[in-house]
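Enquirer: Just one file: structure37.tsv, with TSV, C-alpha atoms.
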chain	number	residue	atom	x	y	z
A	1	MET	CA	28.14	-49.80	-174.45
A	2	SER	CA	29.86	-51.52	-171.59
A	3	GLU	CA	33.62	-51.84	-171.47
A	4	SER	CA	35.60	-54.92	-170.45
A	5	GLY	CA	35.33	-55.62	-166.75
A	6	THR	CA	32.01	-53.86	-166.26
A	7	GLU	CA	28.55	-55.31	-165.87
A	8	PRO	CA	26.72	-55.70	-169.20
A	9	ASN	CA	23.70	-53.48	-169.62
A	10	PRO	CA	20.25	-54.98	-170.29
A	11	GLU	CA	20.51	-54.41	-174.03
A	12	GLU	CA	23.66	-56.50	-174.32
A	13	MET	CA	21.96	-59.46	-172.63
A	14	TRP	CA	18.57	-58.99	-174.33
A	15	ASP	CA	17.11	-61.80	-176.44
A	16	PRO	CA	14.63	-60.29	-178.94
A	17	GLN	CA	13.35	-63.78	-179.81
A	18	VAL	CA	13.03	-63.10	-183.53
A	19	ALA	CA	13.31	-66.22	-185.66
A	20	ARG	CA	14.65	-66.19	-189.20
A	21	TRP	CA	11.85	-66.17	-191.74
A	22	SER	CA	11.82	-67.59	-195.24
A	23	ASP	CA	10.23	-66.22	-198.37
A	24	PRO	CA	8.51	-68.63	-200.76
A	25	GLU	CA	9.92	-66.65	-203.70
A	26	GLY	CA	13.56	-67.11	-202.76
A	27	ASP	CA	16.32	-66.11	-200.35
A	28	TYR	CA	14.78	-62.69	-199.82
A	29	VAL	CA	14.78	-60.79	-196.53
A	30	LEU	CA	12.42	-57.93	-197.33
A	31	PRO	CA	8.70	-58.32	-198.13
A	32	HIS	CA	7.45	-58.67	-201.69
A	33	ALA	CA	5.73	-55.27	-201.41
A	34	LEU	CA	9.10	-53.53	-201.10
A	35	ARG	CA	10.81	-55.69	-203.70
A	36	SER	CA	8.12	-54.99	-206.31
A	37	LEU	CA	8.08	-51.18	-206.09
A	38	PRO	CA	9.15	-49.42	-209.31
A	39	GLN	CA	12.60	-47.89	-209.55
A	40	PRO	CA	13.92	-45.59	-208.22
A	41	TRP	CA	11.25	-45.36	-205.51
A	42	ASP	CA	12.30	-48.70	-204.04
A	43	GLU	CA	15.80	-47.47	-203.20
A	44	SER	CA	14.70	-44.33	-201.32
A	45	ASP	CA	17.62	-42.64	-203.12
A	46	TRP	CA	16.65	-38.97	-202.87
A	47	ARG	CA	19.14	-37.83	-205.51
A	48	ARG	CA	17.52	-40.03	-208.14
A	49	VAL	CA	13.96	-39.37	-207.00
A	50	ALA	CA	14.42	-35.58	-206.98
A	51	GLU	CA	15.37	-35.66	-210.68
A	52	LEU	CA	12.22	-37.50	-211.79
A	53	PRO	CA	9.89	-35.47	-214.03
A	54	ARG	CA	6.34	-35.13	-212.72
A	55	THR	CA	4.77	-36.89	-215.69
A	56	ASP	CA	1.43	-38.66	-215.48
A	57	GLU	CA	3.27	-41.98	-215.38
A	58	ARG	CA	5.53	-40.95	-212.50
A	59	LEU	CA	2.63	-39.40	-210.58
A	60	ALA	CA	0.68	-42.64	-210.94
A	61	GLU	CA	3.73	-44.51	-209.62
A	62	ALA	CA	3.98	-42.16	-206.63
A	63	ARG	CA	0.31	-42.69	-205.82
A	64	HIS	CA	0.77	-46.46	-206.12
A	65	VAL	CA	3.84	-46.47	-203.89
A	66	LEU	CA	2.11	-44.55	-201.11
A	67	THR	CA	-0.94	-46.81	-201.31
A	68	VAL	CA	1.23	-49.94	-201.01
A	69	LEU	CA	3.17	-48.51	-198.09
A	70	LEU	CA	-0.09	-47.82	-196.26
A	71	GLU	CA	-2.01	-50.96	-197.02
A	72	ASP	CA	0.43	-53.88	-197.06
A	73	GLN	CA	0.54	-55.27	-193.52
A	74	ALA	CA	3.87	-57.01	-194.17
A	75	LEU	CA	5.47	-53.55	-194.02
A	76	ALA	CA	4.32	-53.00	-190.44
A	77	PRO	CA	5.85	-55.90	-188.51
A	78	GLN	CA	5.88	-56.06	-184.73
A	79	VAL	CA	9.46	-55.06	-183.98
A	80	PRO	CA	10.52	-55.88	-180.42
A	81	GLN	CA	11.59	-52.79	-178.50
A	82	PRO	CA	15.09	-52.97	-176.99
A	83	PRO	CA	15.31	-52.22	-173.27
A	84	SER	CA	16.74	-48.98	-171.92
A	85	PRO	CA	18.89	-47.08	-172.76
A	86	GLY	CA	17.92	-47.77	-176.40
A	87	LEU	CA	21.40	-47.58	-177.90
A	88	LEU	CA	20.78	-50.73	-179.90
A	89	TRP	CA	18.61	-48.75	-182.33
A	90	HIS	CA	21.71	-46.79	-183.38
A	91	VAL	CA	23.67	-49.98	-184.01
A	92	TRP	CA	20.76	-51.46	-185.96
A	93	GLU	CA	20.78	-48.34	-188.14
A	94	GLU	CA	24.54	-48.72	-188.63
A	95	PHE	CA	23.95	-52.28	-189.83
A	96	HIS	CA	21.09	-51.12	-192.08
A	97	GLN	CA	23.48	-48.65	-193.70
A	98	ALA	CA	25.94	-51.45	-194.38
A	99	VAL	CA	23.12	-53.52	-195.91
A	100	GLY	CA	22.08	-50.60	-198.13
A	101	GLU	CA	25.64	-50.05	-199.34
A	102	SER	CA	26.16	-53.67	-200.35
A	103	MET	CA	22.57	-54.40	-201.48
A	104	PRO	CA	20.97	-51.07	-202.47
A	105	ARG	CA	17.68	-52.42	-203.85
A	106	PRO	CA	15.19	-54.37	-201.72
A	107	SER	CA	15.20	-57.23	-204.22
A	108	GLN	CA	18.97	-57.57	-203.69
A	109	VAL	CA	18.74	-58.04	-199.92
A	110	THR	CA	19.17	-61.76	-199.30
A	111	TRP	CA	19.97	-63.79	-196.22
A	112	SER	CA	23.18	-64.98	-197.86
A	113	GLY	CA	24.21	-61.35	-198.35
A	114	VAL	CA	23.24	-60.47	-194.79
A	115	ASP	CA	25.26	-63.41	-193.48
A	116	GLU	CA	28.29	-62.15	-195.40
A	117	LEU	CA	27.96	-58.84	-193.60
A	118	VAL	CA	27.63	-60.67	-190.30
A	119	ARG	CA	30.91	-62.48	-190.96
A	120	ALA	CA	32.59	-59.17	-191.86
A	121	TRP	CA	31.34	-57.56	-188.65
A	122	ARG	CA	32.60	-60.51	-186.61
A	123	ASP	CA	36.06	-60.12	-188.15
A	124	ARG	CA	36.39	-56.41	-187.39
A	125	PRO	CA	39.35	-55.66	-185.11
A	126	GLN	CA	37.25	-53.44	-182.84
A	127	SER	CA	33.79	-54.61	-181.89
A	128	TYR	CA	31.59	-53.26	-179.12
A	129	PRO	CA	29.16	-55.47	-177.19
A	130	LEU	CA	26.15	-54.09	-179.05
A	131	HIS	CA	27.85	-54.78	-182.39
A	132	ARG	CA	28.27	-58.37	-181.25
A	133	HIS	CA	24.63	-58.39	-180.20
A	134	VAL	CA	23.57	-57.44	-183.74
A	135	VAL	CA	25.47	-60.28	-185.36
A	136	ARG	CA	24.06	-62.76	-182.82
A	137	HIS	CA	20.51	-61.51	-183.41
A	138	VAL	CA	20.67	-60.21	-186.98
A	139	GLU	CA	17.05	-61.24	-187.58
A	140	ALA	CA	15.87	-58.55	-185.15
A	141	ALA	CA	17.99	-55.94	-186.92
A	142	MET	CA	16.53	-56.89	-190.29
A	143	LEU	CA	12.98	-56.90	-188.95
A	144	ALA	CA	13.55	-53.34	-187.72
A	145	MET	CA	14.75	-52.35	-191.18
A	146	ILE	CA	11.36	-52.99	-192.81
A	147	PRO	CA	9.35	-50.12	-191.23
A	148	LEU	CA	12.35	-47.79	-191.41
A	149	LEU	CA	12.69	-48.40	-195.15
A	150	ARG	CA	8.94	-47.87	-195.58
A	151	ASP	CA	9.28	-44.52	-193.81
A	152	ASP	CA	12.27	-43.47	-195.94
A	153	ILE	CA	10.43	-44.29	-199.17
A	154	ALA	CA	7.30	-42.38	-198.15
A	155	ASP	CA	9.50	-39.46	-197.12
A	156	SER	CA	11.07	-39.28	-200.59
A	157	VAL	CA	7.67	-39.47	-202.34
A	158	PHE	CA	6.18	-36.58	-200.35
A	159	ARG	CA	9.31	-34.46	-200.76
A	160	TRP	CA	9.23	-35.08	-204.53
A	161	LEU	CA	5.57	-34.05	-204.77
A	162	ALA	CA	6.30	-30.86	-202.80
A	163	LEU	CA	8.91	-29.83	-205.41
A	164	ASP	CA	6.16	-29.22	-207.95
A	165	PRO	CA	5.42	-25.53	-208.66
A	166	ASP	CA	1.73	-26.24	-208.05
A	167	PRO	CA	1.39	-29.12	-205.55
A	168	GLY	CA	-2.25	-28.16	-205.06
A	169	ARG	CA	-3.06	-29.98	-208.30
A	170	PHE	CA	-2.40	-33.27	-206.50
A	171	ALA	CA	-5.02	-32.55	-203.83
A	172	PRO	CA	-7.78	-34.80	-205.26
A	173	TRP	CA	-5.71	-37.90	-204.43
A	174	ALA	CA	-2.73	-36.79	-202.34
A	175	VAL	CA	-4.59	-35.20	-199.41
A	176	ASP	CA	-6.10	-38.48	-198.27
A	177	LEU	CA	-2.83	-40.39	-198.63
A	178	ALA	CA	-0.86	-37.69	-196.80
A	179	GLU	CA	-3.37	-37.57	-193.96
A	180	ARG	CA	-3.34	-41.35	-193.59
A	181	CYS	CA	0.46	-41.41	-193.59
A	182	VAL	CA	0.61	-38.79	-190.84
A	183	ILE	CA	-1.81	-40.85	-188.75
A	184	GLU	CA	0.26	-44.00	-189.33
A	185	ASP	CA	3.51	-42.04	-188.82
A	186	ILE	CA	4.90	-42.95	-192.24
A	187	GLY	CA	6.87	-40.09	-193.77
A	188	ALA	CA	4.87	-37.84	-191.46
A	189	ASP	CA	6.95	-34.64	-191.52
A	190	PRO	CA	7.08	-34.22	-195.32
A	191	ALA	CA	3.44	-35.34	-195.52
A	192	VAL	CA	2.43	-32.45	-193.22
A	193	GLU	CA	4.64	-30.10	-195.24
A	194	LEU	CA	2.96	-31.21	-198.47
A	195	LEU	CA	-0.50	-30.61	-196.98
A	196	GLY	CA	0.62	-27.10	-196.13
A	197	ALA	CA	2.12	-26.54	-199.58
A	198	MET	CA	-1.01	-27.73	-201.38
A	199	GLY	CA	-3.02	-24.97	-199.76
A	200	SER	CA	-6.39	-26.36	-200.87
A	201	PRO	CA	-9.48	-26.37	-198.62
A	202	GLU	CA	-9.23	-30.17	-198.48
A	203	ALA	CA	-5.59	-30.02	-197.35
A	204	ARG	CA	-6.34	-27.41	-194.70
A	205	ALA	CA	-9.26	-29.50	-193.41
A	206	ALA	CA	-6.91	-32.49	-193.13
A	207	LEU	CA	-4.43	-30.40	-191.14
A	208	GLU	CA	-7.25	-29.30	-188.84
A	209	ARG	CA	-8.17	-32.91	-188.15
A	210	LEU	CA	-4.56	-33.92	-187.62
A	211	SER	CA	-3.87	-31.01	-185.25
A	212	VAL	CA	-6.32	-32.21	-182.59
A	213	LYS	CA	-4.62	-33.15	-179.32
A	214	PRO	CA	-4.94	-34.92	-177.04
A	215	GLY	CA	-7.08	-37.72	-178.36
A	216	GLY	CA	-6.74	-36.81	-182.02
A	217	PRO	CA	-5.91	-39.26	-184.81
A	218	ALA	CA	-2.21	-38.38	-184.95
A	219	SER	CA	0.57	-38.71	-182.41
A	220	TRP	CA	1.29	-35.72	-180.18
A	221	GLU	CA	4.41	-34.84	-182.17
A	222	ASN	CA	2.65	-35.05	-185.54
A	223	ALA	CA	-0.32	-33.08	-184.22
A	224	GLU	CA	2.08	-30.33	-183.16
A	225	ALA	CA	3.59	-30.32	-186.65
A	226	ALA	CA	0.10	-29.92	-188.13
A	227	GLN	CA	-0.64	-27.09	-185.68
A	228	ASN	CA	2.57	-25.30	-186.63
A	229	THR	CA	1.77	-25.65	-190.33
A	230	LEU	CA	-1.71	-24.20	-189.77
A	231	PHE	CA	-0.16	-21.32	-187.84
A	232	ASP	CA	2.26	-20.63	-190.70
A	233	LEU	CA	-0.61	-20.71	-193.20
A	234	GLY	CA	-2.53	-18.25	-191.06
A	235	SER	CA	0.49	-15.97	-190.85
A	236	GLU	CA	0.89	-16.03	-194.62
A	237	GLY	CA	-2.77	-15.13	-195.00
A	238	THR	CA	-2.51	-12.08	-192.74
A	239	SER	CA	0.84	-10.91	-194.10
A	240	GLY	CA	-0.81	-9.81	-197.33
A	241	LEU	CA	-3.41	-7.63	-195.62
Starting from the file, give its structure as structure tokens.
Expert:
Amino acid sequence: MSESGTEPNPEEMWDPQVARWSDPEGDYVLPHALRSLPQPWDESDWRRVAELPRTDERLAEARHVLTVLLEDQALAPQVPQPPSPGLLWHVWEEFHQAVGESMPRPSQVTWSGVDELVRAWRDRPQSYPLHRHVVRHVEAAMLAMIPLLRDDIADSVFRWLALDPDPGRFAPWAVDLAERCVIEDIGADPAVELLGAMGSPEARAALERLSVKPGGPASWENAEAAQNTLFDLGSEGTSGL
């Protein structure tokens, strides 16, 4: 962030050209798909999620949540990429945290509430140029929040499933969802970990497909994670010989 008397960097002068959108259902900022998720999945509050019992009802909810996160296109908006050096992402995340603290559920996130935060940020005694950029272009910050929240929610679902003493019992429906999430890079790390924990032939086959690089279905980083999980599974198999 530039100091007084220095030339502003490209991020400080950048216009993301994101217009404020309106929701036909009210003053909402986040898509209906996020607002309609069952509690506590919608908050991505790991402390609450971790305590949920793995009942048939909760498992059906988890399956539903992952399906929505994958299939609703409103949760994958085209977020403009800030120019180098990319520090604006950190300030966006700082603003997202402030939004989550004042409006913890997606259905509570309104433009009027966001504008209150903007006014509070403007009144802070110390404000860096990129903080001022956020309040001038808050729409871009909120657009960036949508895929990040989707990722956080998927992360909590996969971590919750992996807590089960026998995650392999979820394989008939969870393998496909986990594989698709890794390909789409939604909660990818815990999805790979769940595939490894399930240990079923279907889960291992999914890891094999995901581990292909270059040119495989997953990103290079996620393919490496799948490779490492396969290596660990192989090591476990030989350790008992």
Enquirer: So that I can check the surroundings of stretch 166-172 of chain A, please list as a count of residues only every protein, DNA and RNA residue that reaches within 10 Å of it, counting only C-alpha atoms and ignoring chain neighbours fewer than 2 positions away.
Expert: 22
Enquirer: Counting all atoms listed in the file, figure out which residue out of A:Tyr128, A:Val99, A:Val118, A:Glu139 gets nearest to A:Glu43.
Expert: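 The shortest atom-to-atom distance to A:Glu43 comes from A:Val99.
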Enquirer: From the options A:His96, A:Leu88, A:Glu208, A:Val182, which residue's atoms come nearest to A:Leu130, counting all atoms listed in the file?
Expert: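 Among the listed residues, the smallest separation from A:Leu130 belongs to A:Leu88.
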Enquirer: Work out how far apart atom CA of A:Ser219 and atom CA of A:Leu37 are and give it in Å to one decimal.
Expert: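 Separation between atom CA of A:Ser219 and atom CA of A:Leu37: 27.8 Å.
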Enquirer: Give as JSON, numbers by chain every residue, naming chains and numbers as the document does, that has an atom within 12 Å of (2.8, -30.7, -187.6), counting all atoms listed in the file.
Expert: {"A": [179, 182, 183, 185, 187, 188, 189, 190, 191, 192, 193, 194, 195, 196, 206, 207, 208, 209, 210, 211, 212, 213, 218, 219, 220, 221, 222, 223, 224, 225, 226, 227, 228, 229, 230, 231, 232, 233]}
Enquirer: Could you work out an axis-aligned box for stretch 123-137 of chain A, taking every atom the file lists and adding 6 Å on each side, and report centre and edge lengths in Å to one decimal, as lines of an AutoDock Vina configuration file?
Expert:
center_x = 29.9
center_y = -58.0
center_z = -182.7
size_x = 30.8
size_y = 21.5
size_z = 23.0
Enquirer: Give the answer as one residue: which of A:Glu71, A:Glu93, A:Asp23, A:Asp45 has the shortest atom-to-atom distance to A:His131, using all atoms listed in the file?
Expert: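 That would be A:Glu93, the residue with the smallest distance to A:His131.
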Enquirer: Between atom CA of A:Ala76 and atom CA of A:Pro24, what is the distance, to one decimal in Å?
Expert: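 Those two atoms sit 19.2 Å apart.
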Enquirer: Please return, as a PDB file with C-alpha atoms, in the frame of the given file, all polymer residues that have at least one atom within 12 Å of the point (20.9, -58.4, -196.8); use all atoms listed in the file and the file's own coordinate frame.
Expert:
ATOM      1  CA  ASP A  27      16.320 -66.110-200.350  1.00  0.00           C
ATOM      2  CA  TYR A  28      14.780 -62.690-199.820  1.00  0.00           C
ATOM      3  CA  VAL A  29      14.780 -60.790-196.530  1.00  0.00           C
ATOM      4  CA  LEU A  30      12.420 -57.930-197.330  1.00  0.00           C
ATOM      5  CA  PHE A  95      23.950 -52.280-189.830  1.00  0.00           C
ATOM      6  CA  HIS A  96      21.090 -51.120-192.080  1.00  0.00           C
ATOM      7  CA  GLN A  97      23.480 -48.650-193.700  1.00  0.00           C
ATOM      8  CA  ALA A  98      25.940 -51.450-194.380  1.00  0.00           C
ATOM      9  CA  VAL A  99      23.120 -53.520-195.910  1.00  0.00           C
ATOM     10  CA  GLY A 100      22.080 -50.600-198.130  1.00  0.00           C
ATOM     11  CA  GLU A 101      25.640 -50.050-199.340  1.00  0.00           C
ATOM     12  CA  SER A 102      26.160 -53.670-200.350  1.00  0.00           C
ATOM     13  CA  MET A 103      22.570 -54.400-201.480  1.00  0.00           C
ATOM     14  CA  PRO A 104      20.970 -51.070-202.470  1.00  0.00           C
ATOM     15  CA  ARG A 105      17.680 -52.420-203.850  1.00  0.00           C
ATOM     16  CA  PRO A 106      15.190 -54.370-201.720  1.00  0.00           C
ATOM     17  CA  SER A 107      15.200 -57.230-204.220  1.00  0.00           C
ATOM     18  CA  GLN A 108      18.970 -57.570-203.690  1.00  0.00           C
ATOM     19  CA  VAL A 109      18.740 -58.040-199.920  1.00  0.00           C
ATOM     20  CA  THR A 110      19.170 -61.760-199.300  1.00  0.00           C
ATOM     21  CA  TRP A 111      19.970 -63.790-196.220  1.00  0.00           C
ATOM     22  CA  SER A 112      23.180 -64.980-197.860  1.00  0.00           C
ATOM     23  CA  GLY A 113      24.210 -61.350-198.350  1.00  0.00           C
ATOM     24  CA  VAL A 114      23.240 -60.470-194.790  1.00  0.00           C
ATOM     25  CA  ASP A 115      25.260 -63.410-193.480  1.00  0.00           C
ATOM     26  CA  GLU A 116      28.290 -62.150-195.400  1.00  0.00           C
ATOM     27  CA  LEU A 117      27.960 -58.840-193.600  1.00  0.00           C
ATOM     28  CA  VAL A 118      27.630 -60.670-190.300  1.00  0.00           C
ATOM     29  CA  VAL A 138      20.670 -60.210-186.980  1.00  0.00           C
ATOM     30  CA  GLU A 139      17.050 -61.240-187.580  1.00  0.00           C
ATOM     31  CA  ALA A 141      17.990 -55.940-186.920  1.00  0.00           C
ATOM     32  CA  MET A 142      16.530 -56.890-190.290  1.00  0.00           C
ATOM     33  CA  LEU A 143      12.980 -56.900-188.950  1.00  0.00           C
ATOM     34  CA  MET A 145      14.750 -52.350-191.180  1.00  0.00           C
ATOM     35  CA  ILE A 146      11.360 -52.990-192.810  1.00  0.00           C
TER      36      ILE A 146
END
Enquirer: Report, in Å with one decimal, the straight-line distance from atom CA of A:Leu148 to atom CA of A:Glu61.
Expert: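 A separation of 20.4 Å between them.
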Enquirer: Counting all atoms listed in the file, which residue out of A:Met13, A:Ile186, A:Leu34, A:Ala205 sits closest to A:Ser84?
Expert: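 Checking each candidate against A:Ser84, we get A:Met13 as the closest.
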Enquirer: Of the candidates A:Pro129, A:Pro77, A:Pro217, A:Gly234, which one gets nearest to A:Pro31 if we count only C-alpha atoms?
Expert: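 Selected residue with least distance to A:Pro31: A:Pro77.
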